[in-house]
$ cat target_1.txt   # compact mmCIF, C-alpha atoms and all ligand atoms
# COMPACT_ATOMS: atom_id res chain seq x y z
CA MET J 1 -5.36 -9.59 -23.28
CA PHE J 2 -4.10 -11.27 -20.13
CA TYR J 3 -3.71 -14.72 -18.62
CA TYR J 4 -3.17 -16.08 -15.15
CA ASP J 5 -0.37 -18.52 -14.37
CA SER J 6 0.15 -18.29 -10.61
CA GLY J 7 0.37 -14.57 -11.31
CA LEU J 8 -0.95 -12.02 -13.80
CA PHE J 9 0.59 -11.73 -17.30
CA LEU J 10 -0.08 -9.51 -20.31
CA THR J 11 -0.46 -12.00 -23.15
CA SER J 12 1.19 -10.34 -26.15
CA ALA J 13 4.36 -9.36 -24.27
CA ARG J 14 4.48 -12.29 -21.80
CA PHE J 15 4.99 -9.56 -19.27
CA GLY J 16 4.30 -10.24 -15.59
CA LEU J 17 2.58 -7.85 -13.20
CA ASP J 18 3.65 -8.19 -9.54
CA VAL J 19 4.43 -11.88 -10.08
CA ARG J 20 6.07 -13.47 -7.03
CA ARG J 21 8.63 -15.64 -8.86
CA ARG J 22 11.66 -14.67 -10.93
CA LEU J 23 10.78 -13.60 -14.48
CA PRO J 24 12.77 -12.20 -17.43
CA ARG J 25 10.75 -8.98 -17.02
CA CYS J 26 8.03 -7.89 -14.65
CA PHE J 27 6.16 -4.76 -13.59
CA VAL J 28 6.49 -4.05 -9.86
CA SER J 29 3.63 -1.84 -8.67
CA HIS J 30 5.30 -1.02 -5.34
CA ALA J 31 8.02 -2.40 -3.10
CA HIS J 32 5.98 -4.26 -0.46
CA ALA J 33 7.27 -7.80 0.07
CA ASP J 34 4.13 -9.50 -1.29
CA HIS J 35 4.58 -7.79 -4.68
CA ILE J 36 8.27 -8.29 -5.43
CA ALA J 37 10.69 -10.99 -6.58
CA ARG J 38 14.26 -11.03 -7.93
CA HIS J 39 13.40 -10.47 -11.59
CA GLU J 40 15.98 -10.12 -14.36
CA LEU J 41 14.46 -6.80 -15.41
CA VAL J 42 11.94 -4.79 -13.42
CA TYR J 43 9.65 -2.03 -14.71
CA ALA J 44 8.82 0.41 -11.91
CA THR J 45 8.57 4.09 -10.99
CA PRO J 46 11.84 5.79 -9.91
CA ALA J 47 10.81 5.77 -6.21
CA THR J 48 9.80 2.10 -6.33
CA ALA J 49 13.12 1.36 -8.07
CA CYS J 50 15.02 2.83 -5.07
CA LEU J 51 12.87 1.00 -2.52
CA TYR J 52 13.07 -2.27 -4.49
CA ARG J 53 16.88 -2.07 -4.65
CA HIS J 54 17.00 -1.24 -0.93
CA ARG J 55 15.10 -4.44 -0.24
CA LEU J 56 16.64 -6.83 -2.79
CA GLY J 57 20.03 -5.40 -3.72
CA LYS J 58 21.54 -2.47 -5.64
CA HIS J 59 22.59 -4.55 -8.66
CA HIS J 60 19.01 -5.19 -9.85
CA ARG J 61 18.17 -3.82 -13.29
CA VAL J 62 15.18 -1.48 -13.41
CA GLU J 63 13.55 0.23 -16.39
CA GLU J 64 12.10 3.33 -14.78
CA MET J 65 8.60 4.50 -15.67
CA GLY J 66 7.53 8.05 -14.77
CA TYR J 67 3.86 8.59 -13.98
CA GLY J 68 1.81 9.42 -17.09
CA ARG J 69 4.76 8.81 -19.47
CA PRO J 70 3.91 5.88 -21.75
CA ILE J 71 6.50 3.38 -22.91
CA GLU J 72 6.17 0.89 -25.78
CA LEU J 73 6.66 -2.83 -25.18
CA GLY J 74 6.06 -4.85 -28.36
CA GLU J 75 2.47 -4.06 -29.39
CA LEU J 76 1.66 -2.66 -25.96
CA ARG J 77 1.66 0.87 -24.69
CA LEU J 78 2.22 0.91 -20.93
CA THR J 79 1.54 3.88 -18.64
CA ALA J 80 2.02 4.12 -14.86
CA TYR J 81 -0.48 6.10 -12.77
CA PRO J 82 -0.16 6.97 -9.06
CA ALA J 83 -1.89 4.44 -6.79
CA GLY J 84 -1.90 6.44 -3.52
CA HIS J 85 -0.70 3.41 -1.51
CA CYS J 86 2.90 4.35 -0.65
CA LEU J 87 5.65 6.43 -2.24
CA GLY J 88 6.12 5.38 -5.86
CA SER J 89 3.15 3.01 -5.89
CA ALA J 90 1.67 2.69 -9.36
CA MET J 91 -1.22 1.32 -11.31
CA LEU J 92 -0.45 0.13 -14.82
CA LEU J 93 -2.57 0.92 -17.89
CA ALA J 94 -1.85 -1.41 -20.82
CA GLU J 95 -3.27 -0.58 -24.27
CA ASP J 96 -2.93 -2.75 -27.40
CA GLY J 97 -4.77 -0.54 -29.89
CA GLN J 98 -8.01 -2.50 -29.52
CA GLN J 99 -8.60 -2.56 -25.77
CA SER J 100 -7.14 -1.41 -22.50
CA LEU J 101 -6.45 -3.04 -19.15
CA LEU J 102 -5.87 -1.26 -15.84
CA TYR J 103 -4.06 -3.17 -13.09
CA THR J 104 -4.40 -1.32 -9.79
CA GLY J 105 -1.83 -3.04 -7.57
CA ASP J 106 -2.51 -1.99 -3.97
CA PHE J 107 -4.20 1.39 -3.99
CA LYS J 108 -6.07 3.97 -1.96
CA LEU J 109 -8.10 7.02 -2.99
CA GLY J 110 -8.06 10.36 -1.20
CA PRO J 111 -5.22 12.32 0.36
CA SER J 112 -2.03 10.94 1.87
CA ALA J 113 0.71 12.82 3.70
CA THR J 114 3.47 10.92 1.90
CA ALA J 115 2.14 9.16 -1.24
CA GLU J 116 1.20 10.63 -4.59
CA PRO J 117 -2.65 10.86 -4.80
CA ALA J 118 -4.22 8.09 -6.90
CA GLU J 119 -5.36 8.72 -10.48
CA LEU J 120 -7.79 6.34 -12.15
CA PRO J 121 -7.80 6.28 -15.96
CA ARG J 122 -10.69 4.68 -17.86
CA ALA J 123 -10.14 1.09 -19.05
CA ASP J 124 -12.02 -1.80 -20.70
CA ILE J 125 -10.71 -4.40 -18.27
CA LEU J 126 -10.01 -3.68 -14.61
CA VAL J 127 -7.86 -5.97 -12.49
CA MET J 128 -8.16 -4.69 -8.94
CA GLU J 129 -7.02 -5.51 -5.46
CA SER J 130 -9.99 -5.76 -3.10
CA THR J 131 -8.47 -6.20 0.37
CA PHE J 132 -11.38 -4.47 2.14
CA GLY J 133 -14.09 -5.87 -0.15
CA GLN J 134 -16.69 -6.33 2.58
CA PRO J 135 -19.23 -3.63 3.51
CA ARG J 136 -18.14 -3.62 7.14
CA TYR J 137 -14.80 -2.15 6.06
CA ARG J 138 -16.01 1.41 5.67
CA LEU J 139 -13.40 3.64 7.26
CA PRO J 140 -14.29 6.76 9.25
CA PRO J 141 -13.33 10.10 7.63
CA ARG J 142 -9.55 10.50 7.50
CA GLU J 143 -9.66 13.69 9.62
CA THR J 144 -11.37 11.73 12.42
CA ILE J 145 -8.74 8.97 12.28
CA VAL J 146 -5.85 11.44 12.32
CA ALA J 147 -7.44 13.45 15.16
CA ASN J 148 -7.84 10.23 17.16
CA LEU J 149 -4.17 9.34 16.66
CA LEU J 150 -2.98 12.82 17.66
CA GLU J 151 -5.21 12.91 20.73
CA LEU J 152 -3.82 9.59 21.99
CA VAL J 153 -0.24 10.73 21.36
CA HIS J 154 -0.66 14.15 23.01
CA ASP J 155 -2.43 12.63 26.04
CA ALA J 156 0.35 10.08 26.52
CA LEU J 157 3.11 12.69 26.20
CA GLY J 158 1.24 14.93 28.64
CA GLN J 159 1.42 12.14 31.21
CA GLY J 160 5.10 11.43 30.61
CA ILE J 161 4.28 8.19 28.79
CA THR J 162 6.00 7.29 25.50
CA PRO J 163 3.52 6.70 22.67
CA VAL J 164 4.76 3.75 20.59
CA ILE J 165 3.11 3.46 17.20
CA HIS J 166 3.34 0.17 15.30
CA ALA J 167 3.27 0.50 11.52
CA TYR J 168 4.59 -1.22 8.39
CA PRO J 169 8.12 -0.01 7.70
CA LEU J 170 7.41 1.07 4.12
CA GLY J 171 4.59 3.58 3.70
CA LYS J 172 2.55 3.55 6.88
CA SER J 173 5.50 4.44 9.13
CA GLN J 174 6.41 7.46 7.01
CA GLU J 175 2.74 8.51 6.87
CA VAL J 176 2.46 8.30 10.68
CA THR J 177 5.77 10.16 11.10
CA LYS J 178 4.67 13.00 8.84
CA LEU J 179 1.26 13.28 10.53
CA LEU J 180 2.97 13.53 13.93
CA THR J 181 5.75 15.93 12.98
CA GLN J 182 3.24 18.16 11.19
CA ALA J 183 1.38 18.35 14.52
CA GLY J 184 4.56 19.35 16.36
CA VAL J 185 5.48 15.92 17.77
CA SER J 186 9.06 14.79 17.11
CA VAL J 187 9.52 11.14 16.14
CA LEU J 188 12.12 8.46 16.86
CA GLN J 189 12.13 5.55 14.42
CA HIS J 190 13.19 1.90 14.45
CA ASP J 191 16.34 1.35 12.32
CA ALA J 192 14.49 -0.46 9.53
CA ILE J 193 11.95 2.36 9.31
CA PHE J 194 14.62 5.07 9.46
CA GLU J 195 16.46 3.58 6.47
CA ILE J 196 13.31 3.70 4.34
CA SER J 197 12.51 7.21 5.60
CA GLN J 198 15.93 8.30 4.28
CA ILE J 199 14.87 7.08 0.83
CA TYR J 200 11.63 9.06 1.12
CA GLU J 201 13.65 12.16 1.96
CA ALA J 202 16.02 11.54 -0.96
CA GLN J 203 12.94 11.36 -3.20
CA GLY J 204 11.84 14.79 -1.95
CA VAL J 205 9.37 13.86 0.81
CA ASP J 206 10.05 16.02 3.88
CA LEU J 207 9.11 13.98 6.96
CA GLY J 208 9.83 16.76 9.45
CA ASP J 209 11.65 16.34 12.77
CA TYR J 210 12.49 12.64 13.02
CA ALA J 211 15.58 10.63 13.97
CA ARG J 212 16.81 7.08 14.52
CA TYR J 213 15.85 5.63 17.92
CA ALA J 214 19.19 5.44 19.75
CA GLY J 215 18.29 3.22 22.69
CA THR J 216 16.56 5.67 25.03
CA PRO J 217 13.23 7.47 24.74
CA LEU J 218 13.28 11.27 24.71
CA ALA J 219 10.75 13.54 26.44
CA GLY J 220 8.12 14.88 24.05
CA HIS J 221 8.97 12.31 21.35
CA ALA J 222 6.78 9.56 19.92
CA VAL J 223 8.36 6.29 18.80
CA VAL J 224 7.46 4.58 15.52
CA THR J 225 8.37 0.90 15.31
CA LEU J 226 7.49 -2.25 13.37
CA PRO J 227 4.17 -4.10 13.65
CA ARG J 228 3.96 -6.49 16.59
CA SER J 229 3.46 -9.34 14.11
CA THR J 230 7.18 -9.04 13.28
CA HIS J 231 9.80 -10.33 15.68
CA GLN J 232 12.00 -7.23 15.67
CA PHE J 233 9.49 -4.64 16.87
CA ARG J 234 10.89 -4.39 20.43
CA LEU J 235 13.18 -1.47 21.21
CA PRO J 236 15.44 -1.31 24.26
CA GLY J 237 15.03 1.28 27.00
CA LEU J 238 11.25 1.80 26.75
CA ARG J 239 9.42 1.64 30.07
CA GLN J 240 6.07 3.39 30.39
CA THR J 241 4.47 3.18 26.97
CA LEU J 242 1.11 3.48 25.23
CA SER J 243 1.04 1.16 22.20
CA ILE J 244 -0.99 2.06 19.11
CA ALA J 245 -1.38 -0.09 15.98
CA THR J 246 -2.27 1.63 12.70
CA THR J 247 -4.16 -0.63 10.29
CA GLY J 248 -7.41 -0.69 8.35
CA TRP J 249 -8.22 -3.95 10.12
CA ALA J 250 -8.79 -1.84 13.26
CA ILE J 251 -12.40 -1.58 12.05
CA ASP J 252 -12.76 -5.00 13.68
CA PRO J 253 -13.09 -4.34 17.45
CA SER J 254 -11.04 -7.47 18.19
CA THR J 255 -7.96 -6.13 16.37
CA LYS J 256 -6.32 -4.45 19.36
CA TYR J 257 -6.60 -7.68 21.37
CA ARG J 258 -5.33 -9.76 18.47
CA LEU J 259 -2.34 -7.44 18.04
CA GLY J 260 -1.76 -7.02 21.78
CA VAL J 261 -1.81 -3.20 21.75
CA ASP J 262 -3.58 -0.56 23.85
CA HIS J 263 -5.28 1.02 20.82
CA ALA J 264 -5.79 0.16 17.14
CA ILE J 265 -6.52 3.00 14.73
CA PRO J 266 -7.93 2.38 11.22
CA LEU J 267 -5.34 4.45 9.35
CA SER J 268 -5.18 2.52 6.09
CA ASP J 269 -3.17 2.60 2.87
CA HIS J 270 -5.78 0.47 1.08
CA ALA J 271 -9.10 1.56 -0.44
CA ASP J 272 -12.02 0.83 1.87
CA PHE J 273 -15.24 -0.80 0.62
CA ASP J 274 -16.81 2.46 -0.63
CA GLU J 275 -13.57 3.49 -2.38
CA LEU J 276 -13.40 0.12 -4.14
CA ILE J 277 -16.91 0.62 -5.54
CA GLU J 278 -16.13 4.26 -6.39
CA SER J 279 -13.03 3.16 -8.29
CA VAL J 280 -15.04 0.74 -10.42
CA ARG J 281 -17.52 3.51 -11.26
CA CYS J 282 -14.63 5.82 -12.28
CA VAL J 283 -12.88 3.29 -14.52
CA ARG J 284 -16.19 2.11 -16.12
CA PRO J 285 -14.75 -1.25 -17.21
CA ARG J 286 -16.49 -3.91 -19.29
CA GLU J 287 -15.00 -6.66 -17.15
CA ILE J 288 -13.56 -6.65 -13.63
CA TYR J 289 -11.18 -9.22 -12.13
CA CYS J 290 -10.68 -9.08 -8.37
CA THR J 291 -7.68 -10.28 -6.43
CA HIS J 292 -6.16 -9.97 -2.94
CA GLY J 293 -9.57 -9.86 -1.28
CA PRO J 294 -12.63 -11.73 -0.09
CA ALA J 295 -14.51 -13.87 -2.63
CA GLU J 296 -17.77 -12.10 -1.75
CA PHE J 297 -16.56 -8.78 -3.20
CA VAL J 298 -17.20 -10.26 -6.64
CA ASP J 299 -20.79 -11.00 -5.54
CA HIS J 300 -21.22 -7.40 -4.37
CA LEU J 301 -20.06 -6.10 -7.75
CA ARG J 302 -22.35 -8.52 -9.63
CA ASP J 303 -25.29 -7.44 -7.45
CA LEU J 304 -24.55 -3.87 -8.54
CA GLY J 305 -24.70 -4.97 -12.20
CA PHE J 306 -20.97 -5.17 -12.92
CA ASN J 307 -19.43 -8.00 -14.91
CA ALA J 308 -17.04 -9.16 -12.19
CA PHE J 309 -14.95 -12.30 -11.69
CA PRO J 310 -12.25 -13.52 -9.34
CA LEU J 311 -8.83 -13.25 -11.02
CA GLU J 312 -7.64 -16.65 -9.86
CA PRO J 313 -9.16 -19.50 -11.97
CA SER J 314 -9.49 -21.69 -8.86
CA ARG J 315 -11.85 -19.10 -7.40
CA GLN J 316 -13.85 -18.73 -10.63
CA ARG J 317 -15.19 -22.26 -10.16
CA ARG J 318 -17.01 -21.07 -7.04
CA LEU J 319 -18.91 -18.51 -9.11
CA PHE J 320 -20.15 -20.91 -11.78
CA SER J 321 -20.67 -24.14 -9.80
ZN ZN I 401 1.17 -2.96 -0.50

$ encode --input "target_1.txt" --output "C-alpha cells"
Amino acid sequence: MFYYDSGLFLTSARFGLDVRRRLPRCFVSHAHADHIARHELVYATPATACLYRHRLGKHHRVEEMGYGRPIELGELRLTAYPAGHCLGSAMLLAEDGQQSLLYTGDFKLGPSATAEPAELPRADILVMESTFGQPRYRLPPRETIVANLLELVHDALGQGITPVIHAYPLGKSQEVTKLLTQAGVSVLQHDAIFEISQIYEAQGVDLGDYARYAGTPLAGHAVVTLPRSTHQFRLPGLRQTLSIATTGWAIDPSTKYRLGVDHAIPLSDHADFDELIESVRCVRPREIYCTHGPAEFVDHLRDLGFNAFPLEPSRQRRLFS
C-alpha cells in the first residue's frame, strides 16, 4: 500500500506524506520545518495551510482537508485526524477498500492548551513517529510539569527577575504563552513567535494577554523567545533573567547544561514512551513501521508481540542481519 523512496509514498496515488523534497502533490501533517517542502500542491488542514504559507510563501497551492472529512484521491479515501502536536497537526488515514494505513506525523496524546486533542482511528498498517521510543522517556504528569513551570515563573517575578522561556516558535511557544496567561502572567514574545501567535488567534485560539517584545522587559511579564539552539534567540534590554527551556528532552538531567539554561522542563508536544505504546494498542495494526526515533523502539514493540519494522529500508537490514 506504500513504498519508501527517501520519504513515504502511498503507492496507488504516488502521493507523498511529509516528503522533504518538491513533489507534484504531498500531504503535510503540520508546518514544522522538518515536515515541509515547496510542493506544487499540498494537502493539509486549514490551520496548517496558513502556517505553511506563512513559512514558505502565500502563493502556494493547498487543498484543504478538514478533520474527519474524507476526500477521494484516485482509489484512495483520505481522512485527516487531529494529532495533538500543534495547531492544525494531522494524522492521515488512507483506505483503498481492502486495507487501511494510518500515518501519525508528529503526535501527542492527552490535553493541550492550544492544539486539537489527538484522535486515533483503527488501521491495518500504522506508520508512526517514535521520537521518545526509549523507556527512560516517560514524562511526569502534565499537571506536575505545568505547576513546575508556573512556580519558577512566579518565583522569578516575585524577585524582580524576568523569566525567559525558550520554546519552538510554532506550537510550544503558543502552548507556554497560554499556560502562563491562564495563570495570570502576561507574556512578551519574540517577533517570530508573535507572528505565528497571530495566526493562532486568527484560527480562533485565544492566547490571552500577550504582546510583541518591544525592546524592554516589563514588570510582571514573562518573556517567550526562541530555543537557544537558534542564533536569533537573544533579545535586547534583558538584564536579570531566569532562563527556562521547555522540551521533552529535559528528562535527561544533562539537558539544561547542554542548552545552557537555568532550568529545563519536560513540557513536550510529542508522545512519550508510554503514549507510543498506548497508541499502538488503540490502533491495533497488523504491521507497524517506525520512523523519527531510536532503532530500539522497534525491538520494544517486537518484545511486546507486535509486528514492527523500521520504516527506512536501510534500518530494516539491522533487524534481519
Ligand atoms: Zn513537529

$ atom_distance --input "target_1.txt" --atom1 "atom CA of Glu129 of chain J" --atom2 "atom CA of Arg38 of chain J"
22.1 Å

$ closest_residue --input "target_1.txt" --among "J:Glu312, J:Asp5, J:Asp191, J:Asp18" --to "ligand ZN 401 (chain I)" --atoms "all atoms listed in the file"
J:Asp18

$ closest_residue --input "target_1.txt" --among "J:Cys290, J:Ala271, J:Ile71, J:Ala250" --to "ligand ZN 401 (chain I)" --atoms "only C-alpha atoms and all ligand atoms"
J:Ala271

$ residues_around --input "target_1.txt" --residues "His35 of chain J" --least-positions-apart "3" --cutoff "9 Å" --atoms "all atoms listed in the file" --output "JSON, numbers by chain"
{"J": [17, 18, 19, 20, 28, 29, 30, 31, 32, 105]}

$ residues_near_ligand --input "target_1.txt" --ligand "ligand ZN 401 (chain I)" --cutoff "12 Å" --atoms "all atoms listed in the file" --output "ChimeraX atom specification"
/J:18,28-36,48,83-91,104-108,129-131,168-172,268-271,292

$ atom_distance --input "target_1.txt" --atom1 "atom CA of Gln198 of chain J" --atom2 "atom CA of Glu64 of chain J"
20.1 Å

$ closest_residue --input "target_1.txt" --among "J:Ala113, J:Leu41, J:Val298, J:Ala308" --to "Leu179 of chain J" --atoms "all atoms listed in the file"
J:Ala113

$ residues_near_point --input "target_1.txt" --point "(0.9, -11.3, -23.7)" --cutoff "10 Å" --atoms "only C-alpha atoms" --output "MDAnalysis selection string"
chainID J and resid 1:3 9:16 74:76

$ closest_residue --input "target_1.txt" --among "J:Ile199, J:Leu304, J:Leu101, J:Val280" --to "Leu78 of chain J" --atoms "all atoms listed in the file"
J:Leu101

$ atom_distance --input "target_1.txt" --atom1 "atom CA of Gln189 of chain J" --atom2 "atom CA of Trp249 of chain J"
22.9 Å

$ closest_residue --input "target_1.txt" --among "J:Leu238, J:Leu109, J:Ala44, J:Leu120" --to "Arg142 of chain J" --atoms "only C-alpha atoms"
J:Leu109

$ closest_residue --input "target_1.txt" --among "J:Thr114, J:Ser279, J:Thr246, J:Thr241" --to "Glu201 of chain J" --atoms "all atoms listed in the file"
J:Thr114

$ residues_near_point --input "target_1.txt" --point "(-16.1, -5.4, -15.7)" --cutoff "12 Å" --atoms "only C-alpha atoms" --output "PyMOL selection string"
chain J and resi 100-102+122-128+277+279-290+298+301-302+304-311

$ residues_around --input "target_1.txt" --residues "Phe273 of chain J" --least-positions-apart "3" --cutoff "9 Å" --atoms "all atoms listed in the file" --output "list in words"
Ser130, Thr131, Phe132, Gly133, Gln134, Pro135, Arg136, Tyr137, Arg138, Leu139, Leu276, Ile277, Glu278 and Phe297 of chain J

$ axis_aligned_box --input "target_1.txt" --around "segment 280-284 of chain J" --padding-each-side "8 Å" --output "lines of an AutoDock Vina configuration file"
center_x = -15.2
center_y = 3.3
center_z = -13.3
size_x = 20.6
size_y = 21.1
size_z = 21.7

$ residues_around --input "target_1.txt" --residues "Leu23 of chain J" --least-positions-apart "2" --cutoff "7 Å" --atoms "only C-alpha atoms" --output "VMD selection string"
chain J and resid 21 25 to 26 39 to 40

$ residues_around --input "target_1.txt" --residues "Ile145 of chain J" --least-positions-apart "3" --cutoff "12 Å" --atoms "only C-alpha atoms" --output "ChimeraX atom specification"
/J:139-142,148-152,176,179,246-248,250-251,264-268

$ write_last_selection --input "target_1.txt" --atoms "C-alpha atoms" --output "CSV table (one decimal), keeping the file's coordinate frame"
chain,number,residue,atom,x,y,z
J,139,LEU,CA,-13.4,3.6,7.3
J,140,PRO,CA,-14.3,6.8,9.2
J,141,PRO,CA,-13.3,10.1,7.6
J,142,ARG,CA,-9.6,10.5,7.5
J,148,ASN,CA,-7.8,10.2,17.2
J,149,LEU,CA,-4.2,9.3,16.7
J,150,LEU,CA,-3.0,12.8,17.7
J,151,GLU,CA,-5.2,12.9,20.7
J,152,LEU,CA,-3.8,9.6,22.0
J,176,VAL,CA,2.5,8.3,10.7
J,179,LEU,CA,1.3,13.3,10.5
J,246,THR,CA,-2.3,1.6,12.7
J,247,THR,CA,-4.2,-0.6,10.3
J,248,GLY,CA,-7.4,-0.7,8.4
J,250,ALA,CA,-8.8,-1.8,13.3
J,251,ILE,CA,-12.4,-1.6,12.0
J,264,ALA,CA,-5.8,0.2,17.1
J,265,ILE,CA,-6.5,3.0,14.7
J,266,PRO,CA,-7.9,2.4,11.2
J,267,LEU,CA,-5.3,4.4,9.4
J,268,SER,CA,-5.2,2.5,6.1

$ residues_around --input "target_1.txt" --residues "Ala156 of chain J" --least-positions-apart "3" --cutoff "10 Å" --atoms "only C-alpha atoms" --output "JSON, numbers by chain"
{"J": [150, 151, 152, 153, 159, 160, 161, 162, 163, 164, 220, 222, 240, 241, 242, 243]}

$ decode --input "target_1.txt" --residues "segment 208-273 of chain J" --atoms "C-alpha atoms" --output "PDB file, in the first residue's frame"
ATOM      1  CA  GLY J 208      -4.735  35.684  26.482  1.00  0.00           C
ATOM      2  CA  ASP J 209      -2.705  38.761  27.421  1.00  0.00           C
ATOM      3  CA  TYR J 210       0.390  38.670  25.206  1.00  0.00           C
ATOM      4  CA  ALA J 211       2.261  41.209  23.072  1.00  0.00           C
ATOM      5  CA  ARG J 212       5.360  41.623  20.917  1.00  0.00           C
ATOM      6  CA  TYR J 213       8.564  42.197  22.923  1.00  0.00           C
ATOM      7  CA  ALA J 214       9.405  45.833  22.159  1.00  0.00           C
ATOM      8  CA  GLY J 215      12.973  46.033  23.433  1.00  0.00           C
ATOM      9  CA  THR J 216      12.451  46.405  27.183  1.00  0.00           C
ATOM     10  CA  PRO J 217      11.145  43.958  29.774  1.00  0.00           C
ATOM     11  CA  LEU J 218       8.008  44.920  31.681  1.00  0.00           C
ATOM     12  CA  ALA J 219       7.380  44.270  35.392  1.00  0.00           C
ATOM     13  CA  GLY J 220       5.197  41.213  35.982  1.00  0.00           C
ATOM     14  CA  HIS J 221       5.702  39.913  32.426  1.00  0.00           C
ATOM     15  CA  ALA J 222       7.366  36.699  31.293  1.00  0.00           C
ATOM     16  CA  VAL J 223       9.265  36.631  28.004  1.00  0.00           C
ATOM     17  CA  VAL J 224       8.920  33.800  25.479  1.00  0.00           C
ATOM     18  CA  THR J 225      11.727  33.531  22.941  1.00  0.00           C
ATOM     19  CA  LEU J 226      13.307  31.038  20.539  1.00  0.00           C
ATOM     20  CA  PRO J 227      15.318  27.985  21.618  1.00  0.00           C
ATOM     21  CA  ARG J 228      18.953  28.713  22.420  1.00  0.00           C
ATOM     22  CA  SER J 229      19.947  26.338  19.605  1.00  0.00           C
ATOM     23  CA  THR J 230      18.858  29.065  17.161  1.00  0.00           C
ATOM     24  CA  HIS J 231      21.010  32.126  16.600  1.00  0.00           C
ATOM     25  CA  GLN J 232      18.235  34.704  16.968  1.00  0.00           C
ATOM     26  CA  PHE J 233      17.034  33.876  20.484  1.00  0.00           C
ATOM     27  CA  ARG J 234      18.696  36.902  22.148  1.00  0.00           C
ATOM     28  CA  LEU J 235      16.508  39.906  22.892  1.00  0.00           C
ATOM     29  CA  PRO J 236      17.860  43.362  23.708  1.00  0.00           C
ATOM     30  CA  GLY J 237      17.317  45.057  27.062  1.00  0.00           C
ATOM     31  CA  LEU J 238      17.132  41.946  29.268  1.00  0.00           C
ATOM     32  CA  ARG J 239      19.312  42.080  32.365  1.00  0.00           C
ATOM     33  CA  GLN J 240      18.392  39.911  35.337  1.00  0.00           C
ATOM     34  CA  THR J 241      16.808  36.798  33.893  1.00  0.00           C
ATOM     35  CA  LEU J 242      15.916  33.215  34.777  1.00  0.00           C
ATOM     36  CA  SER J 243      16.123  31.051  31.646  1.00  0.00           C
ATOM     37  CA  ILE J 244      13.854  28.025  31.213  1.00  0.00           C
ATOM     38  CA  ALA J 245      13.891  25.580  28.285  1.00  0.00           C
ATOM     39  CA  THR J 246      10.725  23.602  27.532  1.00  0.00           C
ATOM     40  CA  THR J 247      11.415  20.262  25.844  1.00  0.00           C
ATOM     41  CA  GLY J 248      10.699  16.578  26.358  1.00  0.00           C
ATOM     42  CA  TRP J 249      14.453  16.005  26.275  1.00  0.00           C
ATOM     43  CA  ALA J 250      14.549  17.650  29.728  1.00  0.00           C
ATOM     44  CA  ILE J 251      14.013  14.125  31.085  1.00  0.00           C
ATOM     45  CA  ASP J 252      17.775  13.813  30.584  1.00  0.00           C
ATOM     46  CA  PRO J 253      19.388  15.614  33.562  1.00  0.00           C
ATOM     47  CA  SER J 254      22.167  16.904  31.294  1.00  0.00           C
ATOM     48  CA  THR J 255      19.730  18.858  29.092  1.00  0.00           C
ATOM     49  CA  LYS J 256      19.876  22.143  30.992  1.00  0.00           C
ATOM     50  CA  TYR J 257      23.678  22.142  30.796  1.00  0.00           C
ATOM     51  CA  ARG J 258      23.627  21.200  27.124  1.00  0.00           C
ATOM     52  CA  LEU J 259      21.182  24.023  26.380  1.00  0.00           C
ATOM     53  CA  GLY J 260      22.882  26.498  28.708  1.00  0.00           C
ATOM     54  CA  VAL J 261      19.731  27.385  30.690  1.00  0.00           C
ATOM     55  CA  ASP J 262      18.935  27.644  34.403  1.00  0.00           C
ATOM     56  CA  HIS J 263      16.097  25.095  34.186  1.00  0.00           C
ATOM     57  CA  ALA J 264      14.784  22.594  31.628  1.00  0.00           C
ATOM     58  CA  ILE J 265      11.171  21.467  31.924  1.00  0.00           C
ATOM     59  CA  PRO J 266       9.854  18.373  30.098  1.00  0.00           C
ATOM     60  CA  LEU J 267       6.841  20.068  28.505  1.00  0.00           C
ATOM     61  CA  SER J 268       6.570  18.072  25.299  1.00  0.00           C
ATOM     62  CA  ASP J 269       4.493  18.107  22.125  1.00  0.00           C
ATOM     63  CA  HIS J 270       5.495  14.518  21.305  1.00  0.00           C
ATOM     64  CA  ALA J 271       4.077  11.274  22.719  1.00  0.00           C
ATOM     65  CA  ASP J 272       6.273   9.859  25.481  1.00  0.00           C
ATOM     66  CA  PHE J 273       7.234   6.167  25.607  1.00  0.00           C
TER      67      PHE J 273
END
